[in-house]
Each structure stands twice: as structure tokens, then as C-alpha cells.
file run-v1.cif (mmCIF, C-alpha atoms)
data_protein
#
loop_
_atom_site.label_atom_id
_atom_site.label_comp_id
_atom_site.auth_asym_id
_atom_site.auth_seq_id
_atom_site.Cartn_x
_atom_site.Cartn_y
_atom_site.Cartn_z
CA MET A 586 -26.34 21.04 15.79
CA LEU A 587 -25.43 18.51 13.10
CA PRO A 588 -24.50 19.89 9.67
CA PHE A 589 -26.41 17.07 7.94
CA ALA A 590 -29.01 14.49 8.97
CA ARG A 591 -28.78 12.03 6.05
CA VAL A 592 -25.44 11.39 4.37
CA ALA A 593 -24.93 9.23 1.27
CA ILE A 594 -21.46 7.84 0.49
CA LEU A 595 -20.88 6.59 -3.04
CA GLY A 596 -17.74 4.45 -3.06
CA LEU A 597 -16.85 2.44 0.03
CA GLY A 598 -13.09 1.99 -0.33
CA LEU A 599 -10.46 3.40 2.01
CA ILE A 600 -11.78 6.96 2.11
CA GLY A 601 -15.50 6.20 1.86
CA SER A 602 -15.40 3.53 4.55
CA SER A 603 -13.28 5.79 6.77
CA ILE A 604 -15.83 8.58 6.43
CA ALA A 605 -18.60 6.13 7.35
CA ARG A 606 -16.70 4.94 10.41
CA ALA A 607 -15.86 8.50 11.47
CA VAL A 608 -19.49 9.61 11.13
CA ARG A 609 -20.64 6.61 13.15
CA GLN A 610 -18.19 7.61 15.89
CA SER A 611 -18.65 11.38 15.97
CA MET A 612 -22.24 11.83 14.72
CA PRO A 613 -24.02 8.57 15.58
CA THR A 614 -27.53 9.92 14.91
CA VAL A 615 -26.74 10.72 11.27
CA HIS A 616 -28.39 8.28 8.87
CA LEU A 617 -25.85 6.77 6.49
CA SER A 618 -26.66 5.30 3.11
CA GLY A 619 -24.06 3.86 0.79
CA TYR A 620 -23.33 2.33 -2.59
CA ASP A 621 -20.35 0.80 -4.36
CA ALA A 622 -20.16 -0.36 -7.95
CA ASP A 623 -18.39 -3.57 -6.89
CA PRO A 624 -20.85 -6.22 -5.59
CA ALA A 625 -18.09 -7.76 -3.47
CA VAL A 626 -17.45 -4.41 -1.78
CA ARG A 627 -21.18 -3.98 -1.15
CA ALA A 628 -21.32 -7.41 0.45
CA ARG A 629 -18.33 -6.64 2.64
CA ALA A 630 -19.81 -3.27 3.62
CA VAL A 631 -22.88 -5.10 4.92
CA GLU A 632 -20.68 -7.48 6.94
CA LEU A 633 -18.79 -4.53 8.41
CA ASP A 634 -22.03 -2.62 9.11
CA LEU A 635 -20.54 0.49 7.54
CA VAL A 636 -23.87 2.17 6.74
CA ASP A 637 -27.48 2.03 7.83
CA GLU A 638 -28.71 1.38 4.30
CA LEU A 639 -26.67 -0.28 1.53
CA THR A 640 -28.33 0.09 -1.88
CA ASP A 641 -27.99 -1.69 -5.22
CA THR A 642 -27.96 1.53 -7.25
CA PRO A 643 -26.37 4.95 -6.68
CA GLY A 644 -29.70 6.69 -7.24
CA ALA A 645 -31.35 4.77 -4.40
CA ALA A 646 -28.54 5.78 -2.03
CA VAL A 647 -29.04 9.52 -2.58
CA MET A 648 -32.83 9.63 -2.79
CA ASP A 649 -33.35 11.09 0.70
CA ALA A 650 -29.87 12.48 1.37
CA ASP A 651 -29.06 16.07 2.26
CA PHE A 652 -25.32 15.48 1.73
CA VAL A 653 -23.77 13.25 -0.93
CA ILE A 654 -20.05 12.43 -1.02
CA LEU A 655 -18.57 10.88 -4.16
CA CYS A 656 -15.66 8.68 -3.08
CA VAL A 657 -14.76 7.35 -6.51
CA PRO A 658 -11.72 7.80 -8.81
CA VAL A 659 -11.65 11.28 -10.32
CA GLY A 660 -12.09 9.86 -13.82
CA ALA A 661 -15.46 8.43 -12.79
CA MET A 662 -16.87 11.54 -11.08
CA GLY A 663 -18.85 12.83 -14.05
CA ALA A 664 -20.47 9.48 -14.83
CA VAL A 665 -21.38 8.80 -11.20
CA ALA A 666 -22.82 12.30 -10.79
CA ALA A 667 -24.91 11.84 -13.94
CA SER A 668 -26.21 8.52 -12.61
CA ILE A 669 -27.73 10.18 -9.52
CA ALA A 670 -29.06 13.36 -11.17
CA ALA A 671 -32.64 12.09 -11.52
CA ASP A 672 -32.88 10.91 -7.89
CA LEU A 673 -30.99 13.67 -6.13
CA PRO A 674 -33.08 15.98 -3.89
CA ALA A 675 -32.97 19.56 -5.16
CA ASP A 676 -31.69 20.89 -1.84
CA ALA A 677 -28.91 18.30 -1.39
CA ILE A 678 -25.27 19.34 -1.28
CA VAL A 679 -22.83 17.27 -3.34
CA SER A 680 -19.14 16.91 -2.59
CA ASP A 681 -16.27 14.55 -3.39
CA VAL A 682 -12.87 13.49 -2.09
CA GLY A 683 -10.80 13.66 -5.28
CA SER A 684 -7.10 14.56 -5.31
CA SER A 685 -7.51 16.91 -8.30
CA LYS A 686 -10.18 19.56 -8.22
CA ALA A 687 -10.58 21.77 -11.31
CA GLY A 688 -11.63 18.94 -13.60
CA VAL A 689 -13.85 17.37 -10.98
CA ALA A 690 -15.64 20.64 -10.27
CA LYS A 691 -16.36 21.05 -14.00
CA ALA A 692 -17.62 17.48 -14.36
CA LEU A 693 -19.92 17.76 -11.34
CA ALA A 694 -21.32 21.13 -12.42
CA GLU A 695 -22.10 19.81 -15.89
CA ALA A 696 -23.76 16.64 -14.58
CA LEU A 697 -25.72 18.34 -11.79
CA PRO A 698 -26.90 21.79 -12.92
CA GLY A 699 -28.62 23.76 -10.19
CA ILE A 700 -27.25 21.58 -7.38
CA ALA A 701 -25.04 23.02 -4.63
CA ILE A 702 -21.56 21.58 -5.18
CA VAL A 703 -18.68 21.96 -2.72
CA PRO A 704 -15.66 19.95 -3.90
CA ALA A 705 -13.35 18.66 -1.18
CA HIS A 706 -10.03 16.87 -0.83
CA PRO A 707 -9.14 15.25 2.50
CA VAL A 708 -5.34 15.11 2.43
CA ALA A 709 -5.17 11.78 4.19
CA GLY A 710 -4.85 8.16 3.22
CA THR A 711 -2.72 5.04 3.23
CA GLU A 712 -1.35 2.74 0.56
CA ASN A 713 -4.17 0.28 1.29
CA SER A 714 -7.57 0.19 -0.38
CA GLY A 715 -10.96 -1.40 0.08
CA PRO A 716 -13.58 -1.24 2.84
CA ASP A 717 -11.45 -3.17 5.34
CA ALA A 718 -8.66 -0.58 5.04
CA GLY A 719 -10.69 2.29 6.48
CA PHE A 720 -10.56 3.55 10.05
CA ALA A 721 -12.40 6.28 11.92
CA SER A 722 -9.32 8.30 12.93
CA LEU A 723 -7.93 8.64 9.38
CA PHE A 724 -8.79 12.34 9.20
CA ASN A 725 -7.79 13.37 12.72
CA GLY A 726 -5.55 16.42 12.53
CA ARG A 727 -5.29 16.18 8.74
CA TRP A 728 -6.25 18.92 6.32
CA CYS A 729 -9.35 18.81 4.17
CA ILE A 730 -9.20 21.37 1.37
CA LEU A 731 -12.49 22.74 0.05
CA THR A 732 -12.48 24.31 -3.42
CA PRO A 733 -15.92 25.89 -3.91
CA ALA A 734 -16.66 27.98 -6.98
CA GLY A 735 -16.64 31.75 -6.55
CA ASP A 736 -20.45 31.87 -6.59
CA ALA A 737 -20.95 28.94 -4.20
CA ASP A 738 -23.52 29.35 -1.42
CA PRO A 739 -21.57 30.35 1.73
CA ALA A 740 -24.03 28.40 3.89
CA ALA A 741 -23.36 25.21 1.91
CA VAL A 742 -19.60 25.72 2.22
CA MET A 743 -19.96 26.25 5.96
CA ARG A 744 -21.99 23.06 6.38
CA VAL A 745 -19.43 20.97 4.48
CA SER A 746 -16.63 22.59 6.47
CA THR A 747 -18.41 21.76 9.73
CA PHE A 748 -18.92 18.17 8.61
CA TRP A 749 -15.20 17.63 8.06
CA GLU A 750 -14.31 19.34 11.31
CA ARG A 751 -16.74 17.06 13.17
CA ILE A 752 -14.88 13.98 11.91
CA GLY A 753 -11.51 15.37 12.99
CA ALA A 754 -10.12 17.27 10.01
CA ARG A 755 -8.76 20.79 9.80
CA VAL A 756 -10.34 22.71 6.93
CA ASP A 757 -8.80 25.10 4.45
CA ILE A 758 -10.43 26.80 1.45
CA MET A 759 -8.55 27.22 -1.80
CA ASP A 760 -9.04 28.02 -5.46
CA ALA A 761 -9.31 24.76 -7.44
CA ALA A 762 -6.51 25.59 -9.89
CA HIS A 763 -4.18 26.58 -7.05
CA HIS A 764 -5.05 23.39 -5.18
CA ASP A 765 -4.09 21.33 -8.22
CA LEU A 766 -0.71 23.08 -8.44
CA VAL A 767 0.00 22.66 -4.73
CA LEU A 768 -0.96 18.98 -4.74
CA ALA A 769 1.06 18.37 -7.88
CA VAL A 770 4.11 19.34 -5.78
CA THR A 771 3.21 17.72 -2.46
CA SER A 772 1.45 14.54 -3.59
CA HIS A 773 1.23 13.81 -7.30
CA LEU A 774 4.89 14.29 -8.21
CA PRO A 775 6.14 12.24 -5.21
CA HIS A 776 3.85 9.40 -6.25
CA LEU A 777 5.09 9.62 -9.82
CA ILE A 778 8.70 9.51 -8.62
CA ALA A 779 7.94 6.54 -6.35
CA TYR A 780 6.31 4.60 -9.17
CA THR A 781 9.30 5.35 -11.38
CA ILE A 782 11.97 4.38 -8.83
CA VAL A 783 10.27 1.12 -7.91
CA GLY A 784 9.69 0.36 -11.59
CA THR A 785 13.34 1.04 -12.39
CA ALA A 786 14.46 -1.30 -9.61
CA SER A 787 12.19 -4.06 -10.87
CA ASP A 788 13.57 -3.67 -14.42
CA LEU A 789 17.27 -3.83 -13.54
CA GLU A 790 18.82 -6.90 -15.14
CA GLU A 791 22.06 -6.64 -13.16
CA VAL A 792 20.25 -6.69 -9.79
CA THR A 793 17.78 -9.47 -9.06
CA GLN A 794 14.34 -8.80 -7.66
CA HIS A 795 15.31 -10.96 -4.67
CA GLU A 796 18.22 -8.64 -3.92
CA VAL A 797 16.05 -5.53 -4.31
CA ILE A 798 13.61 -6.90 -1.75
CA LYS A 799 16.19 -8.40 0.60
CA TYR A 800 18.43 -5.34 0.86
CA SER A 801 15.83 -2.59 0.75
CA ALA A 802 16.90 0.14 3.15
CA GLY A 803 14.49 2.68 4.57
CA GLY A 804 14.48 4.99 1.56
CA PHE A 805 13.53 2.43 -1.06
CA ARG A 806 11.17 0.66 1.32
CA ASP A 807 9.22 3.87 1.88
CA PHE A 808 9.04 4.47 -1.87
CA THR A 809 7.46 1.03 -2.24
CA ARG A 810 4.78 2.00 0.28
CA ILE A 811 3.80 4.98 -1.85
CA ALA A 812 4.04 2.93 -5.05
CA ALA A 813 1.59 0.39 -3.60
CA SER A 814 -1.25 2.93 -3.75
CA ASP A 815 -4.41 2.22 -5.72
CA PRO A 816 -3.47 2.12 -9.45
CA THR A 817 -6.89 3.17 -10.77
CA MET A 818 -7.08 6.21 -8.52
CA TRP A 819 -3.58 7.41 -9.37
CA ARG A 820 -3.95 6.78 -13.10
CA ASP A 821 -6.99 9.06 -13.06
CA VAL A 822 -5.27 11.68 -10.90
CA PHE A 823 -2.31 12.03 -13.28
CA LEU A 824 -4.59 12.31 -16.31
CA ALA A 825 -6.99 14.72 -14.62
CA ASN A 826 -4.24 17.00 -13.31
CA LYS A 827 -1.81 16.55 -16.17
CA GLY A 828 -1.17 20.28 -16.73
CA ALA A 829 0.06 20.93 -13.20
CA VAL A 830 1.83 17.55 -12.98
CA LEU A 831 3.74 18.16 -16.22
CA GLU A 832 4.69 21.65 -15.05
CA MET A 833 6.09 20.30 -11.78
CA LEU A 834 7.73 17.37 -13.55
CA GLN A 835 9.58 19.79 -15.82
CA ARG A 836 10.76 21.79 -12.82
CA PHE A 837 11.84 18.59 -11.09
CA SER A 838 13.76 17.47 -14.18
CA GLU A 839 15.66 20.76 -14.22
CA ASP A 840 16.50 20.48 -10.52
CA LEU A 841 17.57 16.86 -11.01
CA THR A 842 19.89 17.93 -13.82
CA ALA A 843 21.46 20.53 -11.52
CA LEU A 844 21.95 17.86 -8.84
CA GLN A 845 23.50 15.53 -11.39
CA ARG A 846 25.90 18.29 -12.40
CA ALA A 847 26.88 18.97 -8.77
CA ILE A 848 27.69 15.29 -8.22
CA ARG A 849 29.63 15.01 -11.47
CA TRP A 850 31.79 18.06 -10.69
CA GLY A 851 32.24 17.28 -7.02
CA ASP A 852 30.38 20.38 -5.84
CA GLY A 853 29.99 19.41 -2.19
CA ASP A 854 28.84 22.89 -1.15
CA ALA A 855 25.86 22.74 -3.52
CA LEU A 856 24.89 19.30 -2.23
CA PHE A 857 25.25 20.35 1.42
CA ASP A 858 23.13 23.50 0.88
CA LEU A 859 20.37 21.49 -0.81
CA PHE A 860 20.32 18.81 1.88
CA THR A 861 20.25 21.47 4.61
CA ARG A 862 17.22 23.16 3.05
CA THR A 863 15.35 19.89 2.62
CA ARG A 864 16.09 18.86 6.19
CA ALA A 865 14.44 22.08 7.39
CA ILE A 866 11.31 21.21 5.41
CA ARG A 867 11.14 17.82 7.13
CA ARG A 868 11.42 19.45 10.54
CA SER A 869 8.62 21.89 9.68
CA ILE A 870 6.33 19.02 8.67
CA ILE A 871 6.90 17.35 12.04
CA GLU A 872 6.41 20.63 13.94
CA GLN A 873 3.03 21.12 12.24
CA GLY A 874 1.90 17.63 13.23
CA GLN A 875 1.83 16.22 9.71
CA ASP A 876 4.16 13.30 10.53
CA ASP A 877 5.76 11.45 13.41
CA ALA A 878 9.23 12.35 14.65
CA ARG A 879 9.76 8.98 16.35
CA PRO A 880 12.42 6.68 14.89
CA ASP A 881 11.42 4.85 11.73
CA PHE A 882 8.32 7.05 11.26
CA GLY A 883 6.78 5.72 14.47
CA ARG A 884 6.50 2.16 13.16
CA VAL A 885 5.86 -0.49 15.76
CA HIS A 886 8.14 -3.50 15.42
CA ASP A 887 7.14 -6.79 16.99
#

call {"tool": "encode", "arguments": {"input": "run-v1.cif", "output": "C-alpha cells"}}
result
Amino acid sequence: MLPFARVAILGLGLIGSSIARAVRQSMPTVHLSGYDADPAVRARAVELDLVDELTDTPGAAVMDADFVILCVPVGAMGAVAASIAADLPADAIVSDVGSSKAGVAKALAEALPGIAIVPAHPVAGTENSGPDAGFASLFNGRWCILTPAGDADPAAVMRVSTFWERIGARVDIMDAAHHDLVLAVTSHLPHLIAYTIVGTASDLEEVTQHEVIKYSAGGFRDFTRIAASDPTMWRDVFLANKGAVLEMLQRFSEDLTALQRAIRWGDGDALFDLFTRTRAIRRSIIEQGQDDARPDFGRVHD
């Protein structure tokens, strides 16, 4: 039995278009409606046949939906939710795909009183954006974290969980504040570091941009992949989750100072111990299927 019959996707970028493609593949009888604030994206979504019904307003997209997924930057969640409040069926379930959860949950609850809300975060993506960047297998084997409120309807949580499982994800349930702390470590801080390193390289006067590009080894090259992620989305994530991000950034700064001290004083044992521990983390990630152990991250070279 399908968890939902009529799904509305608001925002048809990488994640939204991937959800649409995955639903088409795994639940072909589900009716899909969609909306994007960008007219060019809407036009492209029609060309790609992403949804059954592409609307000119968000309210029209949700009018008959039993499940609504907000695939917009976290800073826009409240405004988008408010824009559909008058047209949303009373028994619809609303969710999202934002990378920070406590602020989003508050914004959705305030904009949609009385509506069942089950916030979600599929921990999947690429550095690309837009409707052409999506693909149906994006969520296969990846985690989707649900962060329902303590008083959320268990049946609604189960339906959202089943939806994500049907499109290939593994589902975990977590408190929103804890989610934001965990993701500050595993996602937000790494992105912040990547943006900083790539920005530093581009600002160096002694090293030309041509040299930075020409001699980029694997480490810097992979930082540039992360730093190429959607700037609007990540701006909003850092501002929405600033408490947890600042806490992790302070911890990182302290650890970086300790590493700096070990290098300055020639403490090889401290460096070796750190690198041994971090290597074990990498192996655990591969063992749990969260990355590819093949050389060069499984990249195919022509």
C-alpha cells in the first residue's frame, strides 16, 4: 500500500527533482504536482516531465495533496509554508528536506497551525543544483533523518518514513536539536572549512589562480567540489544553525591550535596518533556503505 496518493513538491532543484524522479520510478501511480519560484525552472521541469501537474503558484500545487514536501532553502521555509496555508487540505502532512531542523520545525509550526508536520533531512546530495542535476537513485542507501515533535502523530511519522524508504533511503528518527549538532559536525563545519580553504587559495597573492587550478592535488580538488555547493542554501544553513555551527567551530579552532603546536614542536607521536584515529573513521564510513573504497573515490576517468 502506498503511503501517499498525491504528493506536492515545492522547489524543483537537485533534491526536489530527485524526489520526483524517484517517486516516478518506485511509485508510478502517485500523482505528482510541483511548483518552483523560478519561471525558468518551471519551464525546464515541464520539458523534463518531472511532475504530472506543474502550477504557477504554490497554493495550486498543494490544493489536493495528501503529502507536501518543501524543497526550498531553510531561510525560505516559513514564507513558503505561509503561502500555502489557505490552500492546504486539513489532513495533509507537511515535510521538508532542510539541513537544519529546529528552526525549520518552529517556522513550519507557526505558519501551519493544526497541520501534521514531520520535518525530514535526506543526507544526500551533490555539488550541483537545478532540475537537471537530479537523479532517481540519489537517496539509495542514504540516511533520511526525521525530526518530529514529541507530540507528533505516530501514524504521520510512519507514513513519511515509509515514503522515504520506498524511494531508497534508510530512515532514522532524532530530536531536532541533536540533529543540528550532529550535522554541524558532519556536514556544516566541513562545508565551512571547504569554503574557507578555497577562498584562501583564491586570495593568495604569491600563488596565481592558474597555479592553484593547474596543480590541484586530490585534497584541494575535493574541497573545491564541496565549495561549489549552492550558495543560497548554505548561507541559510549557517544562519539557521548558527548556535551549533559556532559551537563546533570553536571546538575545531581549539583542535587546530593543538595541531599547530604539535607541528611547531615536532611532536610526531601526536600527529601519528591523530592521523591513525582519523584513518579509522574513514574506514568505518566505507564499511557502512556511505562512500566508495575504490581509488579516487570511484571516479570514472575517460

call {"tool": "residues_near_point", "arguments": {"input": "run-v1.cif", "point": "(-30.1, 20.3, -7.8)", "cutoff": "12 Å", "atoms": "only C-alpha atoms", "output": "PyMOL selection string"}}
result
chain A and resi 651-653+666-667+669-679+693-702

call {"tool": "residues_around", "arguments": {"input": "run-v1.cif", "residues": "Leu824 of chain A", "least_positions_apart": "2", "cutoff": "12 Å", "atoms": "only C-alpha atoms", "output": "PyMOL selection string"}}
result
chain A and resi 658-660+684-685+688-689+769+773+777+817-822+826-831

call {"tool": "write_last_selection", "arguments": {"input": "run-v1.cif", "atoms": "C-alpha atoms", "output": "short mmCIF file (atom, residue, chain, number, x, y, z; two decimals), keeping the file's coordinate frame"}}
result
data_model
loop_
_atom_site.label_atom_id
_atom_site.label_comp_id
_atom_site.auth_asym_id
_atom_site.auth_seq_id
_atom_site.Cartn_x
_atom_site.Cartn_y
_atom_site.Cartn_z
CA PRO A 658 -11.72 7.80 -8.81
CA VAL A 659 -11.65 11.28 -10.32
CA GLY A 660 -12.09 9.86 -13.82
CA SER A 684 -7.10 14.56 -5.31
CA SER A 685 -7.51 16.91 -8.30
CA GLY A 688 -11.63 18.94 -13.60
CA VAL A 689 -13.85 17.37 -10.98
CA ALA A 769 1.06 18.37 -7.88
CA HIS A 773 1.23 13.81 -7.30
CA LEU A 777 5.09 9.62 -9.82
CA THR A 817 -6.89 3.17 -10.77
CA MET A 818 -7.08 6.21 -8.52
CA TRP A 819 -3.58 7.41 -9.37
CA ARG A 820 -3.95 6.78 -13.10
CA ASP A 821 -6.99 9.06 -13.06
CA VAL A 822 -5.27 11.68 -10.90
CA ASN A 826 -4.24 17.00 -13.31
CA LYS A 827 -1.81 16.55 -16.17
CA GLY A 828 -1.17 20.28 -16.73
CA ALA A 829 0.06 20.93 -13.20
CA VAL A 830 1.83 17.55 -12.98
CA LEU A 831 3.74 18.16 -16.22
#

call {"tool": "residues_around", "arguments": {"input": "run-v1.cif", "residues": "Asp681 of chain A", "least_positions_apart": "2", "cutoff": "7 Å", "atoms": "all atoms listed in the file", "output": "ChimeraX atom specification"}}
result
/A:654-656,683,704-705

call {"tool": "resolve_selection", "arguments": {"input": "run-v1.cif", "expression": "the PyMOL selection byres ((chain A and resi 613-615) around 9)", "output": "JSON, numbers by chain"}}
result
{"A": [587, 589, 590, 591, 592, 608, 609, 610, 611, 612, 616, 617]}

call {"tool": "resolve_selection", "arguments": {"input": "run-v1.cif", "expression": "the PyMOL selection byres ((chain A and resi 731) around 9)", "output": "list of chain:residue names"}}
result
A:Val703, A:Pro704, A:Ala705, A:His706, A:Pro707, A:Cys729, A:Ile730, A:Thr732, A:Pro733, A:Val742, A:Val745, A:Ser746, A:Val756, A:Asp757, A:Ile758, A:Met759, A:Asp760, A:Ala761
